[in-house]
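Student: For reference, this is query.cif, and it has mmCIF, C-alpha atoms (C1' of nucleotides).
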data_run
#
loop_
_atom_site.label_atom_id
_atom_site.label_comp_id
_atom_site.auth_asym_id
_atom_site.auth_seq_id
_atom_site.Cartn_x
_atom_site.Cartn_y
_atom_site.Cartn_z
CA MET A 755 -12.15 -67.68 2.06
CA ALA A 756 -9.08 -68.01 -0.12
CA ARG A 757 -6.11 -69.30 1.80
CA VAL A 758 -3.26 -66.90 1.18
CA LEU A 759 -0.66 -68.49 3.40
CA ARG A 760 1.21 -71.64 2.70
CA PRO A 761 0.18 -74.47 4.99
CA TYR A 762 2.02 -74.66 8.26
CA ARG A 763 5.02 -76.96 8.17
CA ARG A 764 7.33 -76.46 11.11
CA GLY A 765 5.62 -76.74 14.42
CA VAL A 766 4.62 -78.75 17.40
CA ALA A 767 6.96 -81.65 16.77
CA VAL A 768 10.09 -79.65 16.11
CA ALA A 769 10.99 -78.20 19.47
CA GLN A 770 10.39 -81.49 21.21
CA VAL A 771 12.27 -83.70 18.80
CA GLU A 772 15.49 -81.81 19.35
CA ARG A 773 15.54 -82.79 23.01
CA SER A 774 17.17 -85.77 24.64
CA GLY A 775 15.00 -88.72 25.49
CA SER A 776 15.12 -87.94 29.20
CA ALA A 777 14.09 -84.33 28.76
CA GLN A 778 11.23 -85.40 26.54
CA ARG A 779 10.06 -87.89 29.14
CA VAL A 780 10.03 -85.09 31.70
CA LEU A 781 7.89 -82.99 29.40
CA ASP A 782 5.45 -85.84 28.77
CA VAL A 783 5.02 -86.59 32.45
CA ALA A 784 4.77 -82.93 33.36
CA LEU A 785 2.07 -82.33 30.79
CA ALA A 786 0.09 -85.31 32.04
CA LEU A 787 0.28 -84.15 35.64
CA PHE A 788 -0.41 -80.52 34.80
CA THR A 789 -3.55 -81.40 32.90
CA GLU A 790 -4.63 -83.66 35.73
CA HIS A 791 -3.88 -81.56 38.81
CA GLY A 792 -3.11 -78.16 37.35
CA PHE A 793 0.20 -76.32 37.34
CA ASP A 794 0.07 -75.14 40.93
CA GLY A 795 -1.28 -78.48 42.08
CA THR A 796 1.71 -80.35 40.67
CA SER A 797 5.03 -80.28 42.50
CA LEU A 798 8.43 -81.08 41.07
CA GLN A 799 8.48 -83.90 43.59
CA GLN A 800 5.46 -85.53 41.98
CA ILE A 801 7.00 -85.22 38.53
CA ALA A 802 10.25 -86.72 39.77
CA ASP A 803 8.44 -89.51 41.60
CA ARG A 804 6.49 -90.62 38.56
CA LEU A 805 9.70 -90.58 36.54
CA GLY A 806 11.45 -92.59 39.23
CA VAL A 807 14.18 -89.98 39.72
CA THR A 808 14.89 -87.14 42.13
CA LYS A 809 13.89 -83.51 41.88
CA ALA A 810 17.46 -82.56 41.10
CA ALA A 811 17.38 -84.77 38.01
CA VAL A 812 14.43 -82.78 36.72
CA TYR A 813 16.30 -79.65 37.63
CA TYR A 814 19.17 -80.74 35.46
CA HIS A 815 17.02 -80.61 32.34
CA PHE A 816 15.05 -77.49 33.18
CA ARG A 817 16.35 -74.62 35.23
CA SER A 818 13.04 -74.02 36.94
CA LYS A 819 9.45 -75.07 37.01
CA ASP A 820 8.59 -72.08 34.86
CA ASP A 821 11.23 -73.11 32.38
CA LEU A 822 9.53 -76.46 32.10
CA LEU A 823 6.20 -74.81 31.43
CA ALA A 824 7.76 -72.54 28.87
CA ALA A 825 9.17 -75.54 27.03
CA LEU A 826 5.77 -77.18 27.06
CA VAL A 827 3.91 -74.29 25.51
CA ASP A 828 6.69 -73.15 23.20
CA PRO A 829 5.59 -75.13 20.14
CA ALA A 830 2.09 -73.70 20.21
CA PHE A 831 3.42 -70.17 20.59
CA ALA A 832 6.02 -70.69 17.90
CA GLU A 833 3.29 -71.80 15.54
CA LEU A 834 1.17 -68.75 16.29
CA GLU A 835 4.11 -66.36 16.00
CA ASP A 836 5.14 -67.90 12.72
CA LEU A 837 1.62 -67.50 11.44
CA LEU A 838 1.58 -63.86 12.52
CA SER A 839 4.91 -63.16 10.85
CA ARG A 840 3.83 -64.64 7.56
CA THR A 841 0.60 -62.67 7.67
CA GLU A 842 2.37 -59.44 8.52
CA ALA A 843 4.55 -59.98 5.47
CA LEU A 844 1.53 -59.71 3.18
CA PRO A 845 0.75 -56.33 1.65
CA ARG A 846 -1.51 -54.22 3.84
CA GLY A 847 -5.15 -54.28 2.93
CA ALA A 848 -8.50 -55.93 3.40
CA ALA A 849 -7.20 -59.29 2.15
CA ARG A 850 -4.48 -59.43 4.80
CA GLN A 851 -6.97 -58.50 7.46
CA LYS A 852 -9.40 -61.25 6.52
CA CYS A 853 -6.56 -63.71 6.18
CA ALA A 854 -5.29 -62.93 9.67
CA LEU A 855 -8.67 -63.61 11.21
CA SER A 856 -9.35 -66.81 9.37
CA GLU A 857 -5.87 -68.11 10.11
CA PHE A 858 -6.31 -67.24 13.75
CA VAL A 859 -9.63 -69.04 13.93
CA ASP A 860 -8.11 -72.10 12.29
CA TYR A 861 -5.30 -71.96 14.79
CA LEU A 862 -7.75 -71.81 17.68
CA LEU A 863 -9.74 -74.72 16.29
CA ARG A 864 -6.60 -76.77 15.74
CA HIS A 865 -5.64 -76.34 19.38
CA ARG A 866 -9.09 -76.32 20.83
CA GLU A 867 -8.52 -78.74 23.68
CA ALA A 868 -5.17 -77.23 24.56
CA ALA A 869 -6.66 -73.74 24.55
CA ALA A 870 -9.58 -74.89 26.67
CA TRP A 871 -7.20 -76.50 29.13
CA MET A 872 -5.07 -73.38 29.33
CA SER A 873 -8.00 -71.11 29.90
CA ARG A 874 -9.13 -73.44 32.67
CA ASP A 875 -5.74 -73.81 34.36
CA ALA A 876 -5.39 -70.17 35.16
CA ALA A 877 -2.38 -70.88 37.34
CA ALA A 878 -0.35 -71.88 34.29
CA LEU A 879 -1.59 -68.94 32.25
CA THR A 880 -0.40 -66.58 34.90
CA ARG A 881 3.27 -67.50 34.75
CA PRO A 882 5.36 -64.83 33.05
CA ALA A 883 6.70 -67.35 30.56
CA VAL A 884 3.21 -67.77 29.20
CA TRP A 885 1.51 -64.53 30.08
CA GLU A 886 4.03 -62.14 28.59
CA ARG A 887 4.41 -64.11 25.43
CA ALA A 888 0.65 -64.16 25.06
CA GLN A 889 0.54 -60.39 25.49
CA GLY A 890 2.90 -60.06 22.56
CA THR A 891 0.93 -62.24 20.19
CA GLN A 892 -2.27 -60.56 21.33
CA ARG A 893 -0.92 -57.13 20.41
CA ARG A 894 0.22 -58.26 16.99
CA LEU A 895 -3.07 -59.94 16.28
CA GLU A 896 -5.01 -56.85 17.30
CA ALA A 897 -2.93 -54.75 14.94
CA LEU A 898 -3.67 -57.14 12.10
CA ALA A 899 -7.36 -57.35 12.92
CA ALA A 900 -7.92 -53.60 13.11
CA PRO A 901 -5.11 -51.89 11.24
CA GLY A 902 -4.56 -48.20 11.90
CA GLU A 903 -2.09 -45.72 13.28
CA ASP A 904 -2.40 -47.05 16.82
CA ASP A 905 -5.33 -44.68 17.30
CA PRO A 906 -8.02 -45.30 19.93
CA LEU A 907 -10.54 -46.57 17.40
CA SER A 908 -8.31 -49.27 15.98
CA ARG A 909 -7.20 -50.35 19.43
CA LEU A 910 -10.80 -50.59 20.56
CA TRP A 911 -11.83 -52.70 17.60
CA GLY A 912 -8.65 -54.72 17.74
CA GLY A 913 -9.46 -55.74 21.26
CA ALA A 914 -13.09 -56.37 20.46
CA ILE A 915 -12.52 -58.47 17.34
CA THR A 916 -9.81 -60.72 18.73
CA GLN A 917 -11.59 -61.26 22.04
CA ALA A 918 -14.85 -61.95 20.28
CA LEU A 919 -13.34 -64.66 18.11
CA ALA A 920 -11.56 -66.31 21.01
CA GLY A 921 -14.66 -66.04 23.17
CA ALA A 922 -16.82 -67.58 20.47
CA VAL A 923 -14.54 -70.58 19.98
CA LEU A 924 -13.85 -71.17 23.66
CA ALA A 925 -17.50 -70.90 24.65
CA GLN A 926 -18.08 -73.99 22.54
CA PRO A 927 -16.08 -76.89 23.91
CA HIS A 928 -18.11 -79.56 22.11
CA ALA A 929 -19.70 -78.03 19.05
CA ASP A 930 -19.00 -79.57 15.66
CA GLU A 931 -15.81 -78.13 14.23
CA ASP A 932 -17.08 -77.41 10.73
CA TRP A 933 -20.24 -75.77 11.97
CA LEU A 934 -18.16 -73.71 14.33
CA ARG A 935 -15.76 -72.63 11.60
CA THR A 936 -18.63 -71.50 9.40
CA GLU A 937 -20.40 -69.57 12.11
CA VAL A 938 -17.23 -67.92 13.38
CA ALA A 939 -16.41 -66.91 9.82
CA GLU A 940 -19.75 -65.13 9.70
CA LEU A 941 -19.02 -63.47 13.00
CA SER A 942 -15.63 -62.46 11.70
CA ALA A 943 -17.02 -60.86 8.57
CA HIS A 944 -19.65 -59.08 10.61
CA LEU A 945 -17.04 -57.61 12.93
CA LEU A 946 -14.89 -56.42 10.06
CA SER A 947 -17.83 -54.62 8.50
CA GLY A 948 -18.49 -53.01 11.85
CA TYR A 949 -14.95 -51.74 12.04
CA ARG A 950 -15.12 -50.30 8.51
CA ALA A 951 -18.36 -48.53 9.39
CA ALA A 952 -16.84 -47.09 12.55
CA ARG A 953 -13.86 -45.80 10.58
CA ARG A 954 -16.12 -44.12 8.06
CA ARG A 955 -18.04 -42.49 10.89
CA GLN A 956 -14.91 -41.07 12.47
CA GLY A 957 -12.97 -40.43 9.30
CA MET B 591 -30.38 -45.69 25.84
CA ALA B 592 -33.15 -45.50 28.42
CA ARG B 593 -31.97 -46.61 31.82
CA VAL B 594 -34.38 -49.31 32.93
CA LEU B 595 -32.71 -50.21 36.20
CA ARG B 596 -32.73 -48.16 39.32
CA PRO B 597 -29.33 -46.71 40.13
CA TYR B 598 -27.05 -48.88 42.19
CA ARG B 599 -27.15 -48.16 45.91
CA ARG B 600 -25.53 -50.84 48.02
CA GLY B 601 -22.02 -51.63 46.99
CA VAL B 602 -18.38 -51.00 47.40
CA ALA B 603 -18.60 -49.28 50.76
CA VAL B 604 -20.86 -51.75 52.46
CA ALA B 605 -18.69 -54.80 52.93
CA GLN B 606 -15.80 -52.69 54.09
CA VAL B 607 -17.63 -50.48 56.51
CA GLU B 608 -18.85 -53.43 58.56
CA ARG B 609 -15.29 -54.41 59.44
CA SER B 610 -13.22 -53.43 62.42
CA GLY B 611 -10.67 -50.68 61.96
CA SER B 612 -7.79 -53.13 62.05
CA ALA B 613 -9.28 -55.42 59.44
CA GLN B 614 -9.89 -52.46 57.21
CA ARG B 615 -6.30 -51.35 57.60
CA VAL B 616 -5.20 -54.80 56.54
CA LEU B 617 -7.36 -54.57 53.43
CA ASP B 618 -6.00 -51.15 52.55
CA VAL B 619 -2.40 -52.20 52.91
CA ALA B 620 -2.98 -55.46 51.07
CA LEU B 621 -4.61 -53.70 48.14
CA ALA B 622 -1.74 -51.24 47.92
CA LEU B 623 0.86 -54.00 47.92
CA PHE B 624 -1.09 -56.23 45.53
CA THR B 625 -1.40 -53.47 42.99
CA GLU B 626 2.28 -52.69 43.37
CA HIS B 627 3.86 -56.15 43.39
CA GLY B 628 1.00 -58.40 42.34
CA PHE B 629 -0.77 -61.02 44.41
CA ASP B 630 1.90 -63.69 44.14
CA GLY B 631 4.63 -61.13 44.59
CA THR B 632 3.23 -59.99 47.92
CA SER B 633 3.78 -62.13 51.02
CA LEU B 634 1.82 -61.98 54.21
CA GLN B 635 5.10 -61.04 55.81
CA GLN B 636 5.27 -57.86 53.74
CA ILE B 637 1.70 -56.98 54.60
CA ALA B 638 2.37 -57.55 58.28
CA ASP B 639 5.60 -55.59 58.13
CA ARG B 640 3.99 -52.54 56.63
CA LEU B 641 1.27 -52.71 59.25
CA GLY B 642 3.85 -53.06 61.98
CA VAL B 643 2.42 -56.36 63.19
CA THR B 644 3.18 -60.05 62.70
CA LYS B 645 1.77 -62.49 60.17
CA ALA B 646 -0.31 -64.13 62.87
CA ALA B 647 -2.04 -60.85 63.57
CA VAL B 648 -3.14 -60.70 59.96
CA TYR B 649 -4.41 -64.24 60.27
CA TYR B 650 -6.66 -63.24 63.07
CA HIS B 651 -8.67 -61.09 60.68
CA PHE B 652 -8.54 -63.32 57.60
CA ARG B 653 -8.36 -67.08 57.63
CA SER B 654 -6.07 -67.22 54.60
CA LYS B 655 -4.46 -65.14 51.94
CA ASP B 656 -7.24 -66.14 49.55
CA ASP B 657 -9.78 -65.05 52.10
CA LEU B 658 -8.16 -61.64 52.12
CA LEU B 659 -8.33 -61.44 48.36
CA ALA B 660 -11.95 -62.54 48.39
CA ALA B 661 -12.79 -59.77 50.82
CA LEU B 662 -11.05 -57.26 48.58
CA VAL B 663 -12.95 -58.14 45.43
CA ASP B 664 -16.26 -58.96 47.07
CA PRO B 665 -17.80 -55.49 46.72
CA ALA B 666 -17.17 -55.36 42.99
CA PHE B 667 -18.62 -58.83 42.48
CA ALA B 668 -21.60 -58.07 44.67
CA GLU B 669 -22.31 -55.03 42.57
CA LEU B 670 -22.13 -57.01 39.35
CA GLU B 671 -24.26 -59.84 40.68
CA ASP B 672 -26.85 -57.41 41.94
CA LEU B 673 -26.93 -55.76 38.53
CA LEU B 674 -27.38 -59.14 36.83
CA SER B 675 -30.19 -60.13 39.17
CA ARG B 676 -32.09 -56.94 38.56
CA THR B 677 -31.67 -57.32 34.81
CA GLU B 678 -32.76 -60.95 34.86
CA ALA B 679 -35.91 -59.86 36.65
CA LEU B 680 -36.97 -57.81 33.63
CA PRO B 681 -39.33 -59.41 31.10
CA ARG B 682 -37.47 -61.27 28.38
CA GLY B 683 -37.01 -59.39 25.15
CA ALA B 684 -34.84 -57.07 23.14
CA ALA B 685 -35.07 -54.32 25.76
CA ARG B 686 -33.65 -56.52 28.49
CA GLN B 687 -30.87 -57.64 26.19
CA LYS B 688 -29.84 -54.07 25.36
CA CYS B 689 -30.14 -53.06 28.97
CA ALA B 690 -27.87 -55.88 30.10
CA LEU B 691 -25.14 -54.83 27.71
CA SER B 692 -25.29 -51.14 28.47
CA GLU B 693 -25.34 -51.80 32.21
CA PHE B 694 -22.37 -54.11 31.83
CA VAL B 695 -20.43 -51.52 29.87
CA ASP B 696 -21.20 -48.90 32.48
CA TYR B 697 -20.04 -51.29 35.15
CA LEU B 698 -16.77 -51.90 33.31
CA LEU B 699 -16.21 -48.19 32.85
CA ARG B 700 -16.97 -47.50 36.49
CA HIS B 701 -14.31 -49.99 37.54
CA ARG B 702 -11.92 -49.43 34.71
CA GLU B 703 -8.71 -49.17 36.71
CA ALA B 704 -9.66 -52.06 38.95
CA ALA B 705 -10.57 -54.22 35.95
CA ALA B 706 -7.35 -53.30 34.19
CA TRP B 707 -5.37 -54.18 37.29
CA MET B 708 -7.15 -57.49 37.66
CA SER B 709 -6.65 -58.49 34.06
CA ARG B 710 -2.98 -57.65 34.45
CA ASP B 711 -2.44 -59.45 37.74
CA ALA B 712 -3.22 -62.90 36.44
CA ALA B 713 -2.10 -64.47 39.69
CA ALA B 714 -4.97 -62.87 41.55
CA LEU B 715 -7.47 -63.72 38.83
CA THR B 716 -6.52 -67.35 39.08
CA ARG B 717 -7.45 -67.86 42.72
CA PRO B 718 -10.63 -69.88 43.13
CA ALA B 719 -12.22 -67.13 45.20
CA VAL B 720 -12.08 -64.88 42.16
CA TRP B 721 -12.03 -67.28 39.24
CA GLU B 722 -15.07 -69.33 40.11
CA ARG B 723 -17.15 -66.34 40.99
CA ALA B 724 -16.17 -64.74 37.70
CA GLN B 725 -17.20 -67.88 35.83
CA GLY B 726 -20.65 -67.56 37.34
CA THR B 727 -21.17 -63.93 36.42
CA GLN B 728 -19.74 -64.62 32.96
CA ARG B 729 -22.31 -67.35 32.33
CA ARG B 730 -25.20 -65.22 33.45
CA LEU B 731 -24.07 -62.30 31.34
CA GLU B 732 -23.69 -64.49 28.27
CA ALA B 733 -27.22 -65.77 28.76
CA LEU B 734 -28.52 -62.21 28.95
CA ALA B 735 -26.48 -61.06 25.96
CA ALA B 736 -27.55 -63.88 23.64
CA PRO B 737 -30.74 -65.38 25.00
CA GLY B 738 -31.77 -68.78 23.74
CA GLU B 739 -32.36 -72.35 24.83
CA ASP B 740 -28.69 -72.94 25.65
CA ASP B 741 -28.19 -73.92 22.01
CA PRO B 742 -24.76 -73.71 20.32
CA LEU B 743 -25.61 -70.53 18.47
CA SER B 744 -26.57 -68.54 21.54
CA ARG B 745 -23.57 -69.81 23.46
CA LEU B 746 -21.28 -68.81 20.60
CA TRP B 747 -22.67 -65.31 20.39
CA GLY B 748 -22.89 -65.01 24.14
CA GLY B 749 -19.18 -65.63 24.38
CA ALA B 750 -18.41 -63.38 21.45
CA ILE B 751 -20.49 -60.41 22.60
CA THR B 752 -19.36 -60.36 26.21
CA GLN B 753 -15.71 -60.89 25.35
CA ALA B 754 -15.85 -58.25 22.65
CA LEU B 755 -17.22 -55.63 25.01
CA ALA B 756 -14.69 -56.43 27.73
CA GLY B 757 -11.89 -56.52 25.17
CA ALA B 758 -12.90 -53.18 23.76
CA VAL B 759 -12.97 -51.44 27.12
CA LEU B 760 -9.81 -53.05 28.46
CA ALA B 761 -7.82 -52.37 25.30
CA GLN B 762 -8.26 -48.69 26.08
CA PRO B 763 -6.66 -47.84 29.38
CA HIS B 764 -6.52 -44.12 28.73
CA ALA B 765 -9.19 -43.20 26.24
CA ASP B 766 -11.75 -40.59 27.20
CA GLU B 767 -14.61 -42.21 29.05
CA ASP B 768 -17.47 -40.59 27.18
CA TRP B 769 -15.96 -41.27 23.79
CA LEU B 770 -15.41 -44.85 24.86
CA ARG B 771 -18.98 -45.26 26.07
CA THR B 772 -20.33 -43.97 22.76
CA GLU B 773 -18.13 -46.17 20.63
CA VAL B 774 -18.74 -49.27 22.69
CA ALA B 775 -22.47 -48.63 22.48
CA GLU B 776 -22.11 -48.70 18.69
CA LEU B 777 -20.14 -51.91 18.92
CA SER B 778 -22.79 -53.33 21.20
CA ALA B 779 -25.63 -52.53 18.81
CA HIS B 780 -23.64 -53.94 15.91
CA LEU B 781 -23.08 -57.22 17.74
CA LEU B 782 -26.74 -57.55 18.64
CA SER B 783 -27.76 -57.07 15.03
CA GLY B 784 -25.26 -59.74 14.08
CA TYR B 785 -26.77 -62.16 16.55
CA ARG B 786 -30.29 -61.49 15.25
CA ALA B 787 -29.12 -62.09 11.69
CA ALA B 788 -27.44 -65.35 12.69
CA ARG B 789 -30.63 -66.52 14.38
CA ARG B 790 -32.68 -65.73 11.29
CA ARG B 791 -30.21 -67.70 9.19
CA GLN B 792 -30.45 -70.74 11.38
CA GLY B 793 -34.09 -70.43 12.35
"C1'" DG C 1053 26.32 -85.70 30.25
"C1'" DT C 1054 23.25 -87.58 33.80
"C1'" DC C 1055 22.06 -88.22 38.08
"C1'" DT C 1056 21.91 -88.58 43.83
"C1'" DA C 1057 22.24 -86.53 48.25
"C1'" DT C 1058 21.57 -82.84 50.90
"C1'" DA C 1059 20.71 -78.28 52.37
"C1'" DG C 1060 18.71 -73.49 52.36
"C1'" DC C 1061 15.05 -70.41 52.30
"C1'" DG C 1062 10.61 -68.29 52.12
"C1'" DC C 1063 6.05 -69.28 52.06
"C1'" DG C 1064 1.24 -70.03 54.07
"C1'" DA C 1065 -0.61 -71.76 58.06
"C1'" DT C 1066 -1.46 -73.21 63.15
"C1'" DA C 1067 -1.15 -73.60 68.32
"C1'" DG C 1068 -1.22 -71.47 72.30
"C1'" DA C 1069 0.51 -67.74 75.70
"C1'" DC C 1070 -0.63 -63.12 77.08
"C1'" DG D 522 -6.67 -58.72 69.49
"C1'" DT D 523 -1.94 -59.52 69.18
"C1'" DC D 524 2.01 -61.98 70.01
"C1'" DT D 525 6.01 -65.97 69.83
"C1'" DA D 526 7.18 -70.17 68.20
"C1'" DT D 527 6.96 -73.62 65.07
"C1'" DC D 528 5.46 -76.69 61.41
"C1'" DG D 529 5.40 -78.66 56.71
"C1'" DC D 530 6.00 -77.92 52.08
"C1'" DG D 531 7.62 -76.17 47.63
"C1'" DC D 532 11.18 -74.33 44.68
"C1'" DT D 533 15.87 -73.66 44.24
"C1'" DA D 534 20.87 -74.53 44.73
"C1'" DT D 535 25.25 -76.96 45.05
"C1'" DA D 536 28.62 -80.67 45.65
"C1'" DG D 537 30.01 -84.52 43.88
"C1'" DA D 538 29.30 -89.76 42.24
"C1'" DC D 539 29.24 -92.33 37.95
#
Could I get this structure in the form of structure tokens?

Tutor:
Amino acid sequence: MARVLRPYRRGVAVAQVERSGSAQRVLDVALALFTEHGFDGTSLQQIADRLGVTKAAVYYHFRSKDDLLAALVDPAFAELEDLLSRTEALPRGAARQKCALSEFVDYLLRHREAAAWMSRDAAALTRPAVWERAQGTQRRLEALAAPGEDDPLSRLWGGAITQALAGAVLAQPHADEDWLRTEVAELSAHLLSGYRAARRRQG
Amino acid sequence: MARVLRPYRRGVAVAQVERSGSAQRVLDVALALFTEHGFDGTSLQQIADRLGVTKAAVYYHFRSKDDLLAALVDPAFAELEDLLSRTEALPRGAARQKCALSEFVDYLLRHREAAAWMSRDAAALTRPAVWERAQGTQRRLEALAAPGEDDPLSRLWGGAITQALAGAVLAQPHADEDWLRTEVAELSAHLLSGYRAARRRQG
DNA sequence: GTCTATAGCGCGATAGAC
DNA sequence: GTCTATCGCGCTATAGAC
């Protein structure tokens, strides 16, 4: 499919580079421990211990444990939100719709391990900092995937299409990336044709 | 679609009826508070307070807070697992596949509010008692939805189909149930035809 | 601006009396 | 079957050293 958007430029690195060295070290250690023991299974004490400082030192850089998590996932969310904004800026139509899906799939594939980790560490997902932000992007993506006047039919297909794509990618932790991209593109096209047919049926 | 399975008989009531009156009162109060403040947002102290007893009294009936949650969701899981078992017992083929999906959709519709609550209260979803059991049912459903030799293609479509159906139902908290059932049945058929086409493509 | 020391508080959980 | 008492732990908060 033709790529309508400019390639992504800002992103993962940005938000972290602006931090002090100490804060960045906290983030690195926290990420390592979270991936190893999970969010709930990692205490601020453990993070502080591995850094060789006290809990209060960690607390100086981040107001709370949730704040730390939010900082960790911010770059990935910023990337997705940026992608959504640029897609929403395109003129409405079938091209924008297809573009949204293919960009979303690329995004998922780019962050495959991270997404797989997140969907495994449900404790982290559950925190408001992550959960509520995810709700927002989810809504916007649904609206792009199944445009309409917020009617039941478009909401139904919005939910179906976005969940199907995410489910397809995440059900495949080890499949070859190019094969996956091709197959999911087929799935994507199939879903879009289904939505068009449903719209014609209902008018 | 023809209903191949016998109607469900055991279920929600069973696990709760076998309990003592006190234990049942604990479950009732816990459910009320969980739905109101979420799982994490509800302490055993609050549960005990509303019951007019102490935390320790609650602990007599349930070994842990997770145990309480497990008891709450057990009936719904038992129903789903029973449904899966009976479907798996059918001879392999397109009929079983269609049956699995329509039974699953009915199940989702039957427990719409509960499912919506669960997918909102991420903290409850995350507990091992719920999460791991859900993983199991998810796997079995995927296998029924996209049968195959555990190859990448069937796993991809298994994830896509099941997530699409759940996404479609859950994206519609207030839509009319019959309309929803009809539309989701269309979606279901569309997805199955997509899977068949993908299989033909790949051989 | 960066950290240490220390304390508070609520939580889930347990032991044992009645 | 229910209670009192208590434990240990985790996040949070503040005062103040450097």

Student: Identify, on the basis of all atoms listed in the file, every residue whose closest approach to Arg745 in chain B does not exceed 7 Å; exclude the query and any residue fewer than 4 positions from it along the same chain; express the result as a list in words.

Tutor: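 Listed by chain and then number, they are Ala925 and Gln926 of chain A; Asp740, Asp741 and Gly749 of chain B.
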
Student: All C-alpha atoms, paired in order, least-squares superposition of chain B on chain A: what RMSD does that give?

Tutor: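 Computed on C-alpha atoms only, the RMSD stands at 0.2 Å.
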
Student: Where does the PyMOL selection byres ((chain D) within 8 of (chain B)) land in this file, that is, which residues does it pick, as an NGL selection string?

Tutor: :D and (522-524)

Student: Looking at A:Trp911, A:Phe816, A:Phe793, A:Phe858, which one is nearest to Leu781 in chain A, with distances taken over only C-alpha atoms?

Tutor: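 Checking each of A:Trp911, A:Phe816, A:Phe793, A:Phe858 against Leu781 in chain A, counting only C-alpha atoms, the winner is A:Phe816.
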
Student: Select residues of chain C: the criterion is any atom within 12 Å of an atom of chain A, counting all atoms listed in the file; output as a PyMOL selection string.

Tutor: chain C and resi 1053-1058

Student: Figure out the distance between CA of His764 in chain B and CA of Ala704 in chain B, please, to one decimal in Å.

Tutor: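 Answer for the CA of Ala704 in chain B to CA of His764 in chain B separation: 13.3 Å.
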
Student: Specify as a list of chain:residue names each residue included when the PyMOL selection byres ((chain B) within 6 of (chain A)) is applied to this file.

Tutor: B:Ala712, B:Ala713, B:Thr716, B:Leu746, B:Gly749, B:Ala750, B:Gln753, B:Ala754, B:Gly757, B:Ala758, B:Ala761

Student: Quick one, how far is CA of Glu703 in chain B from CA of Ala660 in chain B?

Tutor: 18.0 Å

Student: How many Å lie between CA of Cys853 in chain A and CA of Arg887 in chain A, rounded to one decimal?

Tutor: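 Between these atoms lies a distance of 22.2 Å.
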
Student: Around the point (-5.2, -68.7, 63.6), in the coordinates given by the file, pick out the residues reaching within 8 Å, counting all atoms listed in the file, and return them as a PyMOL selection string.

Tutor: (chain B and resi 646+649-650+653) or (chain C and resi 1065-1067)

Student: What would the file look like if the residues just selected were written as a PDB file, in the coordinates of the input with C-alpha atoms (C1' of nucleotides)?

Tutor:
ATOM      1  CA  ALA B 646      -0.310 -64.130  62.870  1.00  0.00           C
ATOM      2  CA  TYR B 649      -4.410 -64.240  60.270  1.00  0.00           C
ATOM      3  CA  TYR B 650      -6.660 -63.240  63.070  1.00  0.00           C
ATOM      4  CA  ARG B 653      -8.360 -67.080  57.630  1.00  0.00           C
TER       5      ARG B 653
ATOM      6  C1'  DA C1065      -0.610 -71.760  58.060  1.00  0.00           C
ATOM      7  C1'  DT C1066      -1.460 -73.210  63.150  1.00  0.00           C
ATOM      8  C1'  DA C1067      -1.150 -73.600  68.320  1.00  0.00           C
TER       9       DA C1067
END

Student: Calculated over all atoms listed in the file, which of the candidates A:Arg779, A:His865, A:Arg773, A:Arg804 has the smallest distance to Phe831 in chain A?

Tutor: A:His865

Student: Using the chain letters and numbers from the file, which residues does the PyMOL selection byres ((chain D and resi 534) around 9) grab, as a list of chain:residue names?

Tutor: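 This file, filtered by the PyMOL selection byres ((chain D and resi 534) around 9), leaves C:DA1059, C:DG1060, D:DT533, D:DT535.
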
Student: With a distance cut-off of 9 Å and all atoms listed in the file, select the neighbouring residues of DC1063 in chain C, excluding the residue or stretch itself and same-chain residues fewer than 3 positions from it, and output the selection as a tab-separated table (two decimals) with C-alpha atoms (C1' of nucleotides), in the coordinates of the input.

Tutor:
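The resulting file, selection03.tsv, is reproduced below:
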chain	number	residue	atom	x	y	z
B	633	SER	CA	3.78	-62.13	51.02
B	634	LEU	CA	1.82	-61.98	54.21
D	530	DC	C1'	6.00	-77.92	52.08
D	531	DG	C1'	7.62	-76.17	47.63

Student: Which centre and edge lengths in Å to one decimal define the box along x, y and z that fits every listed atom of range 827-845 of chain A plus 8 Å per side, as lines of an AutoDock Vina configuration file?

Tutor:
center_x = 3.6
center_y = -65.7
center_z = 13.6
size_x = 22.1
size_y = 34.8
size_z = 39.9

Student: Might you pull out every residue within 10 Å of DG1068 in chain C, with all atoms listed in the file counted and same-chain residues fewer than 2 positions away left off, and present them as a PyMOL selection string?

Tutor: (chain C and resi 1066+1070) or (chain D and resi 525-526)
